[in-house]
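Dumped coords.txt below, it's compact mmCIF, N, CA and C atoms:
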```
# COMPACT_ATOMS: atom_id res chain seq x y z
N MET A 157 8.15 29.58 -8.83
CA MET A 157 8.66 29.33 -10.17
C MET A 157 9.33 27.95 -10.20
N PRO A 158 8.89 27.07 -11.06
CA PRO A 158 9.51 25.74 -11.13
C PRO A 158 10.97 25.80 -11.56
N ARG A 159 11.74 24.84 -11.09
CA ARG A 159 13.14 24.75 -11.49
C ARG A 159 13.22 24.26 -12.93
N ASN A 160 14.38 24.43 -13.52
CA ASN A 160 14.58 23.86 -14.86
C ASN A 160 14.74 22.36 -14.71
N SER A 161 14.12 21.62 -15.61
CA SER A 161 14.29 20.17 -15.62
C SER A 161 14.04 19.66 -17.02
N ASN A 162 14.30 18.41 -17.22
CA ASN A 162 14.06 17.79 -18.52
C ASN A 162 12.67 17.18 -18.59
N ARG A 163 11.77 17.66 -17.78
CA ARG A 163 10.40 17.15 -17.74
C ARG A 163 9.79 17.19 -19.15
N VAL A 164 9.27 16.06 -19.59
CA VAL A 164 8.69 16.00 -20.93
C VAL A 164 7.19 15.71 -20.89
N VAL A 165 6.66 15.33 -19.75
CA VAL A 165 5.22 15.06 -19.62
C VAL A 165 4.63 16.17 -18.77
N TYR A 166 3.77 16.96 -19.38
CA TYR A 166 3.15 18.10 -18.70
C TYR A 166 1.65 17.88 -18.58
N PRO A 167 1.05 18.42 -17.53
CA PRO A 167 -0.41 18.32 -17.41
C PRO A 167 -1.09 19.23 -18.42
N PRO A 168 -2.35 18.96 -18.72
CA PRO A 168 -3.08 19.83 -19.64
C PRO A 168 -3.35 21.20 -19.01
N GLU A 169 -3.64 22.17 -19.84
CA GLU A 169 -3.94 23.51 -19.35
C GLU A 169 -5.15 23.47 -18.42
N GLY A 170 -5.06 24.21 -17.33
CA GLY A 170 -6.15 24.27 -16.36
C GLY A 170 -6.10 23.18 -15.30
N TRP A 171 -5.15 22.27 -15.40
CA TRP A 171 -5.00 21.16 -14.45
C TRP A 171 -4.55 21.71 -13.10
N THR A 172 -5.02 21.12 -12.02
CA THR A 172 -4.55 21.50 -10.68
C THR A 172 -4.07 20.27 -9.92
N ASN A 173 -3.09 20.47 -9.09
CA ASN A 173 -2.50 19.41 -8.30
C ASN A 173 -3.40 19.14 -7.08
N SER A 174 -3.85 17.90 -6.92
CA SER A 174 -4.72 17.57 -5.78
C SER A 174 -3.93 17.16 -4.55
N LEU A 175 -2.61 17.18 -4.63
CA LEU A 175 -1.75 16.89 -3.49
C LEU A 175 -1.15 18.20 -2.98
N SER A 176 -0.77 18.24 -1.71
CA SER A 176 -0.07 19.40 -1.18
C SER A 176 1.24 18.93 -0.58
N ALA A 177 2.26 19.77 -0.67
CA ALA A 177 3.58 19.36 -0.20
C ALA A 177 4.17 20.40 0.74
N GLU A 178 4.93 19.92 1.69
CA GLU A 178 5.65 20.78 2.62
C GLU A 178 7.13 20.43 2.49
N TYR A 179 7.96 21.46 2.28
CA TYR A 179 9.40 21.24 2.19
C TYR A 179 9.95 20.95 3.58
N VAL A 180 10.68 19.87 3.73
CA VAL A 180 11.21 19.46 5.03
C VAL A 180 12.67 19.87 5.17
N GLY A 181 13.45 19.79 4.09
CA GLY A 181 14.86 20.13 4.13
C GLY A 181 15.68 19.05 3.44
N PRO A 182 17.00 19.10 3.58
CA PRO A 182 17.85 18.07 2.97
C PRO A 182 17.67 16.73 3.68
N ASP A 183 17.82 15.65 2.92
CA ASP A 183 17.69 14.33 3.56
C ASP A 183 18.91 14.06 4.43
N GLN A 184 18.83 13.02 5.25
CA GLN A 184 19.86 12.79 6.27
C GLN A 184 21.23 12.48 5.70
N PHE A 185 21.31 12.09 4.42
CA PHE A 185 22.61 11.78 3.83
C PHE A 185 23.05 12.82 2.80
N GLY A 186 22.30 13.89 2.68
CA GLY A 186 22.67 14.94 1.73
C GLY A 186 22.48 14.55 0.28
N ASN A 187 21.62 13.57 0.04
CA ASN A 187 21.40 13.12 -1.34
C ASN A 187 20.25 13.82 -2.03
N GLY A 188 19.55 14.68 -1.34
CA GLY A 188 18.42 15.34 -1.98
C GLY A 188 17.63 16.19 -1.03
N GLU A 189 16.59 16.80 -1.58
CA GLU A 189 15.68 17.65 -0.82
C GLU A 189 14.42 16.85 -0.51
N VAL A 190 13.90 17.00 0.71
CA VAL A 190 12.78 16.19 1.19
C VAL A 190 11.49 17.03 1.21
N TYR A 191 10.42 16.41 0.72
CA TYR A 191 9.08 17.01 0.72
C TYR A 191 8.10 15.99 1.28
N ASP A 192 7.27 16.40 2.23
CA ASP A 192 6.20 15.54 2.73
C ASP A 192 4.91 15.93 2.03
N VAL A 193 4.23 14.93 1.49
CA VAL A 193 3.06 15.16 0.65
C VAL A 193 1.80 14.69 1.36
N ARG A 194 0.74 15.48 1.23
CA ARG A 194 -0.56 15.16 1.82
C ARG A 194 -1.61 15.07 0.72
N HIS A 195 -2.60 14.23 1.00
CA HIS A 195 -3.78 14.17 0.15
C HIS A 195 -4.99 14.36 1.04
N LYS A 196 -5.74 15.43 0.79
CA LYS A 196 -6.90 15.79 1.62
C LYS A 196 -6.53 15.86 3.10
N GLY A 197 -5.36 16.45 3.38
CA GLY A 197 -4.93 16.67 4.75
C GLY A 197 -4.21 15.50 5.42
N THR A 198 -4.21 14.33 4.78
CA THR A 198 -3.57 13.15 5.37
C THR A 198 -2.14 13.01 4.86
N PRO A 199 -1.12 12.92 5.77
CA PRO A 199 0.24 12.66 5.31
C PRO A 199 0.28 11.34 4.54
N LEU A 200 0.88 11.37 3.36
CA LEU A 200 0.80 10.24 2.46
C LEU A 200 2.16 9.67 2.09
N ILE A 201 2.99 10.50 1.47
CA ILE A 201 4.29 10.03 1.00
C ILE A 201 5.36 11.08 1.25
N ARG A 202 6.59 10.62 1.27
CA ARG A 202 7.76 11.50 1.38
C ARG A 202 8.52 11.40 0.06
N LEU A 203 8.84 12.55 -0.51
CA LEU A 203 9.59 12.60 -1.75
C LEU A 203 11.00 13.10 -1.45
N ILE A 204 12.00 12.43 -1.99
CA ILE A 204 13.38 12.89 -1.88
C ILE A 204 13.86 13.16 -3.30
N PHE A 205 13.99 14.44 -3.62
CA PHE A 205 14.39 14.85 -4.97
C PHE A 205 15.90 14.93 -5.06
N ASP A 206 16.49 14.10 -5.91
CA ASP A 206 17.93 14.09 -6.16
C ASP A 206 18.17 14.80 -7.49
N GLU A 207 18.63 16.03 -7.40
CA GLU A 207 18.83 16.85 -8.60
C GLU A 207 19.89 16.27 -9.52
N ARG A 208 20.93 15.65 -8.95
CA ARG A 208 22.01 15.09 -9.77
C ARG A 208 21.51 13.99 -10.69
N ASP A 209 20.67 13.10 -10.17
CA ASP A 209 20.17 11.98 -10.96
C ASP A 209 18.82 12.27 -11.61
N GLU A 210 18.26 13.44 -11.32
CA GLU A 210 16.93 13.82 -11.82
C GLU A 210 15.90 12.74 -11.50
N GLU A 211 15.93 12.31 -10.24
CA GLU A 211 15.00 11.28 -9.77
C GLU A 211 14.37 11.70 -8.45
N ILE A 212 13.18 11.18 -8.23
CA ILE A 212 12.48 11.39 -6.96
C ILE A 212 12.25 10.02 -6.34
N THR A 213 12.82 9.81 -5.16
CA THR A 213 12.56 8.59 -4.40
C THR A 213 11.28 8.81 -3.61
N VAL A 214 10.39 7.83 -3.66
CA VAL A 214 9.09 7.94 -3.00
C VAL A 214 9.04 6.97 -1.82
N ARG A 215 8.79 7.49 -0.63
CA ARG A 215 8.67 6.68 0.59
C ARG A 215 7.26 6.84 1.16
N CYS A 216 6.73 5.77 1.73
CA CYS A 216 5.36 5.75 2.22
C CYS A 216 5.30 6.18 3.69
N LEU A 217 4.61 7.28 3.96
CA LEU A 217 4.44 7.76 5.34
C LEU A 217 3.33 7.02 6.08
N LEU A 218 2.55 6.23 5.35
CA LEU A 218 1.47 5.46 5.98
C LEU A 218 1.98 4.15 6.58
N CYS A 219 3.14 3.68 6.11
CA CYS A 219 3.77 2.48 6.66
C CYS A 219 4.60 2.86 7.88
N GLU A 220 4.85 1.88 8.73
CA GLU A 220 5.73 2.10 9.88
C GLU A 220 7.19 2.22 9.40
N PRO A 221 7.98 3.11 10.00
CA PRO A 221 9.40 3.16 9.65
C PRO A 221 10.06 1.81 9.91
N GLN A 222 11.05 1.48 9.09
CA GLN A 222 11.74 0.20 9.19
C GLN A 222 13.24 0.43 9.40
N LEU A 223 13.87 -0.56 10.00
CA LEU A 223 15.33 -0.50 10.14
C LEU A 223 15.96 -0.64 8.76
N GLN A 224 16.97 0.17 8.53
CA GLN A 224 17.69 0.16 7.26
C GLN A 224 19.18 -0.01 7.54
N ALA A 225 19.93 -0.40 6.51
CA ALA A 225 21.40 -0.49 6.60
C ALA A 225 21.84 -1.29 7.82
N ALA A 226 21.33 -2.51 7.91
CA ALA A 226 21.69 -3.42 9.01
C ALA A 226 21.43 -2.81 10.38
N GLY A 227 20.32 -2.07 10.49
CA GLY A 227 19.91 -1.52 11.77
C GLY A 227 20.57 -0.22 12.17
N ARG A 228 21.28 0.43 11.28
CA ARG A 228 21.97 1.68 11.62
C ARG A 228 21.05 2.89 11.70
N PHE A 229 19.91 2.84 11.00
CA PHE A 229 18.95 3.93 11.07
C PHE A 229 17.58 3.41 10.64
N THR A 230 16.55 4.21 10.91
CA THR A 230 15.20 3.83 10.48
C THR A 230 14.73 4.80 9.39
N ALA A 231 13.87 4.30 8.52
CA ALA A 231 13.31 5.13 7.45
C ALA A 231 11.99 4.51 7.01
N TYR A 232 11.14 5.35 6.45
CA TYR A 232 9.91 4.84 5.86
C TYR A 232 10.28 4.01 4.64
N PRO A 233 9.51 2.96 4.35
CA PRO A 233 9.86 2.09 3.22
C PRO A 233 9.75 2.81 1.88
N MET A 234 10.71 2.53 1.01
CA MET A 234 10.69 3.08 -0.34
C MET A 234 9.67 2.28 -1.17
N ILE A 235 8.79 3.00 -1.86
CA ILE A 235 7.78 2.31 -2.67
C ILE A 235 7.93 2.61 -4.16
N GLY A 236 8.94 3.38 -4.53
CA GLY A 236 9.18 3.62 -5.95
C GLY A 236 10.13 4.77 -6.19
N ILE A 237 10.52 4.89 -7.46
CA ILE A 237 11.38 5.97 -7.91
C ILE A 237 10.75 6.55 -9.17
N ILE A 238 10.71 7.88 -9.25
CA ILE A 238 10.17 8.57 -10.41
C ILE A 238 11.31 9.29 -11.11
N SER A 239 11.47 9.06 -12.41
CA SER A 239 12.45 9.77 -13.21
C SER A 239 11.81 11.02 -13.77
N ILE A 240 12.42 12.17 -13.53
CA ILE A 240 11.86 13.43 -13.97
C ILE A 240 11.78 13.51 -15.48
N ASN A 241 12.79 12.98 -16.15
CA ASN A 241 12.81 13.08 -17.61
C ASN A 241 12.20 11.84 -18.27
N ALA A 242 11.31 11.16 -17.57
CA ALA A 242 10.64 10.00 -18.14
C ALA A 242 9.79 10.42 -19.33
N THR A 243 9.81 9.61 -20.36
CA THR A 243 8.94 9.89 -21.50
C THR A 243 7.53 9.44 -21.17
N ALA A 244 6.59 9.84 -21.99
CA ALA A 244 5.19 9.47 -21.77
C ALA A 244 5.03 7.95 -21.72
N LEU A 245 5.89 7.21 -22.41
CA LEU A 245 5.80 5.75 -22.40
C LEU A 245 6.33 5.15 -21.11
N LEU A 246 7.27 5.83 -20.46
CA LEU A 246 7.86 5.30 -19.23
C LEU A 246 7.07 5.65 -17.98
N VAL A 247 6.29 6.72 -18.03
CA VAL A 247 5.52 7.13 -16.85
C VAL A 247 4.63 5.99 -16.35
N PRO A 248 3.88 5.30 -17.25
CA PRO A 248 3.04 4.20 -16.76
C PRO A 248 3.82 3.04 -16.16
N MET A 249 5.12 2.96 -16.40
CA MET A 249 5.93 1.89 -15.80
C MET A 249 6.35 2.27 -14.38
N ASN A 250 6.46 3.57 -14.08
CA ASN A 250 6.96 4.02 -12.79
C ASN A 250 5.86 4.24 -11.75
N THR A 251 4.80 4.91 -12.13
CA THR A 251 3.83 5.36 -11.14
C THR A 251 2.83 4.30 -10.67
N PRO A 252 2.40 3.34 -11.48
CA PRO A 252 1.39 2.39 -10.99
C PRO A 252 1.83 1.60 -9.77
N ARG A 253 3.12 1.29 -9.67
CA ARG A 253 3.61 0.55 -8.51
C ARG A 253 3.35 1.33 -7.22
N ILE A 254 3.61 2.63 -7.26
CA ILE A 254 3.40 3.48 -6.09
C ILE A 254 1.91 3.59 -5.79
N MET A 255 1.12 3.84 -6.82
CA MET A 255 -0.33 3.99 -6.65
C MET A 255 -0.95 2.68 -6.16
N ARG A 256 -0.46 1.56 -6.66
CA ARG A 256 -0.97 0.25 -6.24
C ARG A 256 -0.67 0.01 -4.76
N HIS A 257 0.53 0.38 -4.33
CA HIS A 257 0.88 0.23 -2.90
C HIS A 257 -0.09 1.03 -2.04
N LEU A 258 -0.33 2.29 -2.40
CA LEU A 258 -1.22 3.15 -1.62
C LEU A 258 -2.64 2.61 -1.59
N ALA A 259 -3.10 2.07 -2.72
CA ALA A 259 -4.47 1.54 -2.79
C ALA A 259 -4.59 0.19 -2.09
N ASP A 260 -3.68 -0.73 -2.38
CA ASP A 260 -3.78 -2.09 -1.83
C ASP A 260 -3.47 -2.16 -0.35
N ARG A 261 -2.40 -1.50 0.07
CA ARG A 261 -1.97 -1.59 1.48
C ARG A 261 -2.73 -0.65 2.40
N HIS A 262 -3.15 0.51 1.86
CA HIS A 262 -3.71 1.54 2.74
C HIS A 262 -5.10 2.03 2.32
N GLY A 263 -5.64 1.49 1.24
CA GLY A 263 -6.97 1.90 0.80
C GLY A 263 -7.04 3.34 0.31
N GLU A 264 -5.91 3.91 -0.07
CA GLU A 264 -5.83 5.30 -0.52
C GLU A 264 -5.95 5.33 -2.05
N ILE A 265 -7.10 5.74 -2.55
CA ILE A 265 -7.39 5.69 -3.99
C ILE A 265 -6.96 6.96 -4.72
N LEU A 266 -6.70 8.04 -4.03
CA LEU A 266 -6.25 9.31 -4.60
C LEU A 266 -7.26 9.95 -5.54
N GLY A 267 -8.53 9.78 -5.23
CA GLY A 267 -9.58 10.45 -6.00
C GLY A 267 -9.66 10.03 -7.46
N GLY A 268 -9.26 8.80 -7.77
CA GLY A 268 -9.36 8.31 -9.14
C GLY A 268 -8.30 8.87 -10.08
N MET A 269 -7.22 9.41 -9.55
CA MET A 269 -6.14 9.97 -10.35
C MET A 269 -5.52 8.89 -11.24
N ASP A 270 -5.14 9.23 -12.46
CA ASP A 270 -4.43 8.26 -13.30
C ASP A 270 -2.92 8.44 -13.15
N ASP A 271 -2.13 7.57 -13.79
CA ASP A 271 -0.68 7.60 -13.57
C ASP A 271 -0.02 8.89 -14.07
N VAL A 272 -0.48 9.44 -15.19
CA VAL A 272 0.13 10.67 -15.70
C VAL A 272 -0.19 11.83 -14.77
N ASP A 273 -1.43 11.92 -14.28
CA ASP A 273 -1.77 12.97 -13.31
C ASP A 273 -0.94 12.82 -12.03
N PHE A 274 -0.79 11.59 -11.55
CA PHE A 274 0.00 11.34 -10.34
C PHE A 274 1.45 11.75 -10.55
N PHE A 275 2.02 11.41 -11.70
CA PHE A 275 3.38 11.79 -12.06
C PHE A 275 3.51 13.32 -11.99
N ASN A 276 2.57 14.02 -12.62
CA ASN A 276 2.62 15.49 -12.63
C ASN A 276 2.44 16.07 -11.24
N CYS A 277 1.59 15.46 -10.42
CA CYS A 277 1.42 15.90 -9.03
C CYS A 277 2.73 15.82 -8.27
N LEU A 278 3.44 14.69 -8.41
CA LEU A 278 4.69 14.51 -7.68
C LEU A 278 5.73 15.53 -8.11
N LEU A 279 5.84 15.77 -9.43
CA LEU A 279 6.81 16.75 -9.90
C LEU A 279 6.43 18.15 -9.43
N ASP A 280 5.15 18.48 -9.46
CA ASP A 280 4.70 19.78 -8.96
C ASP A 280 5.02 19.96 -7.48
N CYS A 281 4.88 18.89 -6.71
CA CYS A 281 5.17 18.95 -5.27
C CYS A 281 6.62 19.31 -5.00
N CYS A 282 7.51 18.96 -5.93
CA CYS A 282 8.94 19.27 -5.78
C CYS A 282 9.32 20.56 -6.54
N GLY A 283 8.33 21.25 -7.07
CA GLY A 283 8.61 22.50 -7.79
C GLY A 283 9.23 22.29 -9.14
N LEU A 284 8.94 21.14 -9.75
CA LEU A 284 9.51 20.86 -11.07
C LEU A 284 8.47 21.07 -12.14
```

Just give me the structure as structure tokens.
Amino acid sequence: MPRNSNRVVYPPEGWTNSLSAEYVGPDQFGNGEVYDVRHKGTPLIRLIFDERDEEITVRCLLCEPQLQAAGRFTAYPMIGIISINATALLVPMNTPRIMRHLADRHGEILGGMDDVDFFNCLLDCCGL
């Protein structure tokens, strides 16, 4: 059962999520819940859902982890942030950057998914 959210962009009836997600647990700083997402069996991105801000931070699992916070810890690079309550007009501003990174840097086309479908996939992966 999805959580309550201010989600305003919903997929059409009969739509299915082509991504799969595994719940990992709370992130290392307690700022959210972590989900690792796969596409056709390949680990793709890490989602950190922050319920307080109603945002999902997207990190790329295909990139090498990088030093963060002046070398205090390592993390996969952040490639975007998705706002759960984004309007239909804002979705195309948030998701193409993430999709472009996956396509340009890693050749991951995501089966021709468009930005609204990708947005809905990410929210579904977090149970929203």

Could you name the residues that touch A:Cys277 at 7 Å or less, counting all atoms listed in the file, but leaving out those on the same chain fewer than 4 positions away, as a list in words? Asn173, Ser174, Leu175, Val272, Asp273, Cys281 and Cys282 of chain A

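In terms of minimum interatomic distance to A:Ser176, A:Gly197 ranks closest within A:Gly197, A:Gly263, A:Gly188, A:Pro248, counting all atoms listed in the file.
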
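Residue nearest A:Leu245, chosen from A:Asp271, A:Glu211, A:Cys216, A:His257 and counting only C-alpha atoms: A:Asp271.
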
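Excluding A:Ile237 and any residue on its chain fewer than 2 positions from it, the residues at most 6 Å away by all atoms listed in the file are A:Ile212, A:Thr213, A:Val214, A:Ile235, A:Ser239, A:Asn250.
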
Hey, which of A:Pro252, A:Asn187, A:Tyr179, A:Leu258 ends up closest to A:Asp270? Count only N, CA and C atoms. A:Pro252

In chain A, what's strand (DSSP E or B) per DSSP? Answer as JSON, numbers by chain? {"A": [175, 176, 177, 178, 179, 180, 181, 182, 189, 190, 191, 192, 193, 194, 195, 198, 199, 200, 201, 202, 203, 204, 205, 206, 211, 212, 213, 214, 215, 216, 222, 223, 224, 229, 230, 231, 234, 235, 236, 237, 238, 239]}

Could you go through chain A and tell me which residues DSSP, when run on the backbone, assigns to alpha helix (DSSP H), listing them as number ranges by chain? A: 247-262, 271-281

Can you pull out every residue within 6 Å of A:Leu217, counting all atoms listed in the file, but drop anything in the same chain fewer than 2 positions away, and send it as a PyMOL selection string? chain A and resi 199-202+215+219-220

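As for atom N of A:Asp183 and atom N of A:Gly236, they are spaced 16.9 Å apart.
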
Within 6 Å of stretch 190-192 of chain A, counting only C-alpha atoms, which residues show up once you throw out same-chain ones fewer than 2 positions away? Write them as a list in words, please. Ala177, Glu178, Tyr179, Val180, Gly181, Pro182, Asp183, Arg202, Leu203 and Ile204 of chain A

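Taking atom CA of A:His195 and atom CA of A:Glu264 as the two end points, the separation is 9.1 Å.
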
Take every atom of stretch 177-187 of chain A listed in the file, fit an axis-aligned box around them, add 3 Å per side, and give the centre and edge lengths in Å to one decimal as JSON.
```
{"center_x": 12.7, "center_y": 16.6, "center_z": 2.1, "size_x": 26.8, "size_y": 15.7, "size_z": 14.3}
```

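The interatomic distance for the pair atom CA of A:Arg228 and atom CA of A:Gly186 works out to 16.6 Å.
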
If I put a ball of radius 10 Å at (9.2, 16.9, -23.5) in the file's coordinates, which residues poke into it when counting only C-alpha atoms, written as a PyMOL selection string? chain A and resi 161-166+241-244
